[in-house]
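Heads up, the thing below is written out as structure tokens.
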Amino acid sequence: MWYQTEIRLSAKTRGFHLITDEVINKLPEIQNLNIGLLHLFIKHTSASLTLNENADPTVRQDFESYFNHSVKENEPYYKHTYEGSDDMPAHLKASLLGSSVTIPITNGSLNTGIWQGIYLGEHRDYGGSRTLVVTIHGE
Amino acid sequence: MWYQTEIRLSAKTRGFHLITDEVINKLPEIQNLNIGLLHLFIKHTSASLTLNENADPTVRQDFESYFNHSVKENEPYYKHTYEGSDDMPAHLKASLLGSSVTIPITNGSLNTGIWQGIYLGEHRDYGGSRTLVVTIHGE
Amino acid sequence: MWYQTEIRLSAKTRGFHLITDEVINKLPEIQNLNIGLLHLFIKHTSASLTLNENADPTVRQDFESYFNHSVKENEPYYKHTYEGSDDMPAHLKASLLGSSVTIPITNGSLNTGIWQGIYLGEHRDYGGSRTLVVTIHGE
């Protein structure tokens with residue numbers, strides 16, 4: 001069984017956002033699989049997908065603080081500067097975190113750990129709506 | 001062909017550990033596939049999976065040193081501090097390295113390079129046993 | 001439908017290289033799929049694969065600058081030093097960026113965003129030719 005669709009996420013502020021429910025609620029097809037994989041892919045180069053702690057909002061705040069310290073704006077060696085000071089760091093953060101996640105499906109549900117949620121990393125100041133390609137396959 | 005199981009890894013000390021044999025020895029199903037993919041997924045947000053050099057143990061030691069310098073404990077801007085000074089860095093390391101690896105299967109074996117091994121990144125001081133979801137599919 | 005092959009990339013200088021065309025031109029099989037996934041896997045521990053901006057070459061230059069600042073050569077704590085000062089940073093960069101990318105296939109084409117391209121991160125001074133394992137599956 002293969003199923004594929006695109007999901008358009010609501011526009012988010014710069015930072016890390018828990019999007020598990022926004023994504024999963026649009027994918028009842030997961031319930032049809034006993035064994036399978038969910039592949040989420042973001043069609044952008046300045047936003048990212050990753051899995052992390054789904055309970056305490058300060059974890060997402062600390063993610064934003066850490067990545068802003070680790071991938072600074074206005075580094076003197078940046079040459080790609082004409083799209084704004086937030087642009088080149090956004091590209092770097094996107095590759096550090098990744099543009100897709102693959103999650104196992106077991107008995108009709110995502111087989112994640114109890115504390116795992118899906119994060120959108122919005123790395124632009126005004127990134128707007130982001131589009132995901134969802135691919136589900138299994139049996 | 002789809003096959004899925006969970007593997008419980010023995011508890012490991014903080015650092016990077018080569019787990020190729022511990023994982024593969026439990027998966028004779030790989031031998032049944034001519035072409036396929038092995039997906040390994042860790043059900044935790046403070047440990048990670050990655051592929052890297054499988055020969056010299058000092059590479060894994062240098063991984064631990066690098067990530068401890070790059071993602072420091074007790075940063076003044078951390079707000080998520082109540083689970084211990086190793087906790088927030090562990091979450092960050094987990095997302096930098098990733099929670100899953102996907103490895104091609106060819107003619108009944110993993111088709112990795114000769115120097116590639118599977119690393120568990122144990123980022124907590126006392127992380128305990130970690131659980132992987134293994135999904136194998138192919139033909 | 002499963003299809004698997006290996007692609008040997010031409011040797012590249014140290015840095016980040018857009019390889020979308022070099023890879024896709026060798027994979028007409030993508031056109032046979034309505035829904036599917038392309039998995040690209042690099043069989044090396046000192047080079048990486050990632051997706052990022054495909055238009056402005058200075059983005060790739062800034063990637064090289066950033067990763068050289070973020071993962072320095074000759075750190076006093078490195079123990080794995082006998083393969084040259086570029087070796088241990090190359091291993092670290094490879095795990096930060098990752099050894100594979102998974103890209104959705106839709107109606108016979110890669111379903112990437114308009115600005116997304118496939119990067120090879122060549123992290124050694126003289127890495128030579130690199131080999132990818134390509135796995136395509138879908139329907």
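Letters A, B, ... go to the chains of the structure tokens in the order shown; residues in each chain start at 1; ligands are counted from 1 in the same order.
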Going by DSSP on the backbone, which bits of stretch 67-100 of chain C are alpha helix (DSSP H)? Write them as a list of chain:residue names, please.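 Answer for stretch 67-100 of chain C restricted to alpha helix (DSSP H) is C:Phe67, C:Asn68, C:His69, C:Ser70, C:Asp87, C:Met88, C:Pro89, C:Ala90, C:His91, C:Leu92, C:Lys93, C:Ala94, C:Ser95, C:Leu96, C:Leu97.
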Compile a residue-level contact table for chain B against chain A at a cut-off of 7 Å, reporting for every qualifying residue the shortest atom pair and its distance in Å to one decimal, with only C-alpha atoms counted, rows ordered by chain and ascending number, as a Markdown table.
| residue | atom | partner | partner_atom | distance |
| --- | --- | --- | --- | --- |
| B:Gln4 | CA | A:Ile35 | CA | 6.8 |
| B:Lys43 | CA | A:Gly113 | CA | 4.3 |
| B:His44 | CA | A:Gly113 | CA | 5.8 |
| B:Thr45 | CA | A:Asn52 | CA | 5.1 |
| B:Tyr77 | CA | A:Ser65 | CA | 6.9 |
| B:Tyr78 | CA | A:Asp62 | CA | 5.5 |
| B:Lys79 | CA | A:Thr58 | CA | 5.8 |
| B:His80 | CA | A:Thr58 | CA | 5.5 |
| B:His91 | CA | A:Asn52 | CA | 6.8 |
| B:Leu92 | CA | A:Phe63 | CA | 6.8 |
| B:Ser95 | CA | A:Thr50 | CA | 6.2 |
| B:Leu96 | CA | A:Leu97 | CA | 5.6 |
Any chance you can output those residues with all heavy atoms as a short mmCIF file (atom, residue, chain, number, x, y, z; two decimals), in the first residue's frame?
data_model
loop_
_atom_site.label_atom_id
_atom_site.label_comp_id
_atom_site.auth_asym_id
_atom_site.auth_seq_id
_atom_site.Cartn_x
_atom_site.Cartn_y
_atom_site.Cartn_z
N GLN B 4 9.03 -6.24 10.93
CA GLN B 4 9.25 -5.21 11.93
C GLN B 4 9.39 -5.84 13.31
O GLN B 4 8.68 -6.79 13.64
CB GLN B 4 8.06 -4.23 11.93
CG GLN B 4 8.33 -2.92 12.62
CD GLN B 4 7.16 -1.97 12.48
OE1 GLN B 4 6.07 -2.25 12.95
NE2 GLN B 4 7.37 -0.85 11.82
N LYS B 43 13.53 5.20 19.97
CA LYS B 43 12.30 5.75 20.56
C LYS B 43 12.59 6.70 21.73
O LYS B 43 11.89 6.67 22.75
CB LYS B 43 11.41 4.60 21.05
CG LYS B 43 10.91 3.70 19.93
CD LYS B 43 10.09 2.53 20.45
CE LYS B 43 8.69 2.97 20.83
NZ LYS B 43 7.78 1.77 21.03
N HIS B 44 13.61 7.52 21.58
CA HIS B 44 14.04 8.39 22.68
C HIS B 44 14.47 9.74 22.14
O HIS B 44 14.84 9.85 20.96
CB HIS B 44 15.21 7.73 23.43
CG HIS B 44 14.91 6.34 23.90
ND1 HIS B 44 14.33 6.07 25.11
CD2 HIS B 44 15.08 5.14 23.30
CE1 HIS B 44 14.16 4.76 25.24
NE2 HIS B 44 14.61 4.17 24.15
N THR B 45 14.47 10.74 23.01
CA THR B 45 14.82 12.10 22.58
C THR B 45 16.13 12.58 23.20
O THR B 45 16.47 13.76 23.06
CB THR B 45 13.69 13.09 22.96
OG1 THR B 45 13.55 13.09 24.39
CG2 THR B 45 12.38 12.71 22.31
N TYR B 77 21.45 30.49 28.86
CA TYR B 77 20.15 30.71 28.22
C TYR B 77 19.23 29.48 28.28
O TYR B 77 18.09 29.55 27.81
CB TYR B 77 20.34 31.16 26.77
CG TYR B 77 21.20 30.28 25.90
CD1 TYR B 77 20.71 29.09 25.36
CD2 TYR B 77 22.51 30.63 25.62
CE1 TYR B 77 21.50 28.29 24.56
CE2 TYR B 77 23.32 29.83 24.81
CZ TYR B 77 22.80 28.67 24.28
OH TYR B 77 23.59 27.87 23.50
N TYR B 78 19.68 28.36 28.81
CA TYR B 78 18.78 27.20 28.91
C TYR B 78 17.69 27.46 29.94
O TYR B 78 17.97 27.90 31.06
CB TYR B 78 19.56 25.94 29.35
CG TYR B 78 20.50 25.33 28.34
CD1 TYR B 78 21.60 24.57 28.78
CD2 TYR B 78 20.32 25.46 26.98
CE1 TYR B 78 22.47 23.98 27.90
CE2 TYR B 78 21.20 24.88 26.08
CZ TYR B 78 22.28 24.13 26.54
OH TYR B 78 23.15 23.55 25.67
N LYS B 79 16.46 27.15 29.56
CA LYS B 79 15.34 27.24 30.51
C LYS B 79 14.90 25.86 31.00
O LYS B 79 14.30 25.74 32.06
CB LYS B 79 14.15 27.93 29.82
CG LYS B 79 14.42 29.38 29.47
CD LYS B 79 13.22 30.01 28.78
CE LYS B 79 13.51 31.47 28.43
NZ LYS B 79 12.39 32.06 27.65
N HIS B 80 15.16 24.83 30.17
CA HIS B 80 14.75 23.47 30.53
C HIS B 80 15.89 22.83 31.32
O HIS B 80 16.75 22.14 30.78
CB HIS B 80 14.45 22.67 29.26
CG HIS B 80 14.04 21.25 29.52
ND1 HIS B 80 12.77 20.90 29.91
CD2 HIS B 80 14.72 20.09 29.45
CE1 HIS B 80 12.69 19.60 30.06
NE2 HIS B 80 13.87 19.08 29.80
N HIS B 91 19.08 16.48 24.42
CA HIS B 91 18.02 16.70 23.42
C HIS B 91 18.61 17.33 22.15
O HIS B 91 18.26 16.94 21.03
CB HIS B 91 16.93 17.60 23.99
CG HIS B 91 16.10 16.97 25.05
ND1 HIS B 91 15.48 15.75 24.90
CD2 HIS B 91 15.75 17.39 26.30
CE1 HIS B 91 14.79 15.46 26.00
NE2 HIS B 91 14.95 16.42 26.86
N LEU B 92 19.46 18.31 22.33
CA LEU B 92 20.04 19.01 21.16
C LEU B 92 20.92 18.07 20.34
O LEU B 92 20.84 18.04 19.11
CB LEU B 92 20.85 20.22 21.63
CG LEU B 92 20.00 21.36 22.22
CD1 LEU B 92 20.86 22.30 23.05
CD2 LEU B 92 19.30 22.12 21.09
N SER B 95 18.90 15.72 18.13
CA SER B 95 18.37 16.27 16.88
C SER B 95 19.48 16.61 15.89
O SER B 95 19.28 16.55 14.68
CB SER B 95 17.50 17.49 17.15
OG SER B 95 16.18 17.08 17.51
N LEU B 96 20.66 16.98 16.38
CA LEU B 96 21.77 17.23 15.45
C LEU B 96 22.19 15.95 14.74
O LEU B 96 22.54 15.98 13.55
CB LEU B 96 22.98 17.81 16.21
CG LEU B 96 22.86 19.27 16.61
CD1 LEU B 96 23.94 19.63 17.62
CD2 LEU B 96 23.00 20.16 15.36
#
Name the residues in contact with B:Ile30 at a cut-off of 7 Å, using only C-alpha atoms, excluding same-chain residues fewer than 3 positions from it; report them as a list in words.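 Neighbouring residues, sequence-local ones excluded: Leu27, Leu33, Gly108 and Ser109 of chain B.
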Rounded to one decimal place, report the atom CA of C:Glu122-atom CA of B:Thr20 distance in Å. 24.8 Å
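For the pair atom CA of C:Asn25 and atom CA of C:Leu110, the separation is 12.1 Å.
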All strand (DSSP E) positions in chain A, as number ranges by chain: A: 2-9, 15-18, 35-42, 47-53, 100-106, 109-110, 116-122, 130-138
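As for atom CA of C:Val71 and atom CA of C:Glu22, they are spaced 28.0 Å apart.
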Show which residues sit within 10 Å of A:Ala11, as a list in words. Count only C-alpha atoms, and ignore same-chain residues fewer than 2 positions away.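 Once the nearby chain positions are removed, what remains is Arg8, Leu9, Thr13, Arg14, Glu122, Tyr126, Gly127, Gly128, Ser129 and Arg130 of chain A.
Counting only C-alpha atoms, the residue from C:Phe16, C:Leu38, C:Ile136, C:Lys26 that sits nearest to C:Arg124 is C:Phe16.
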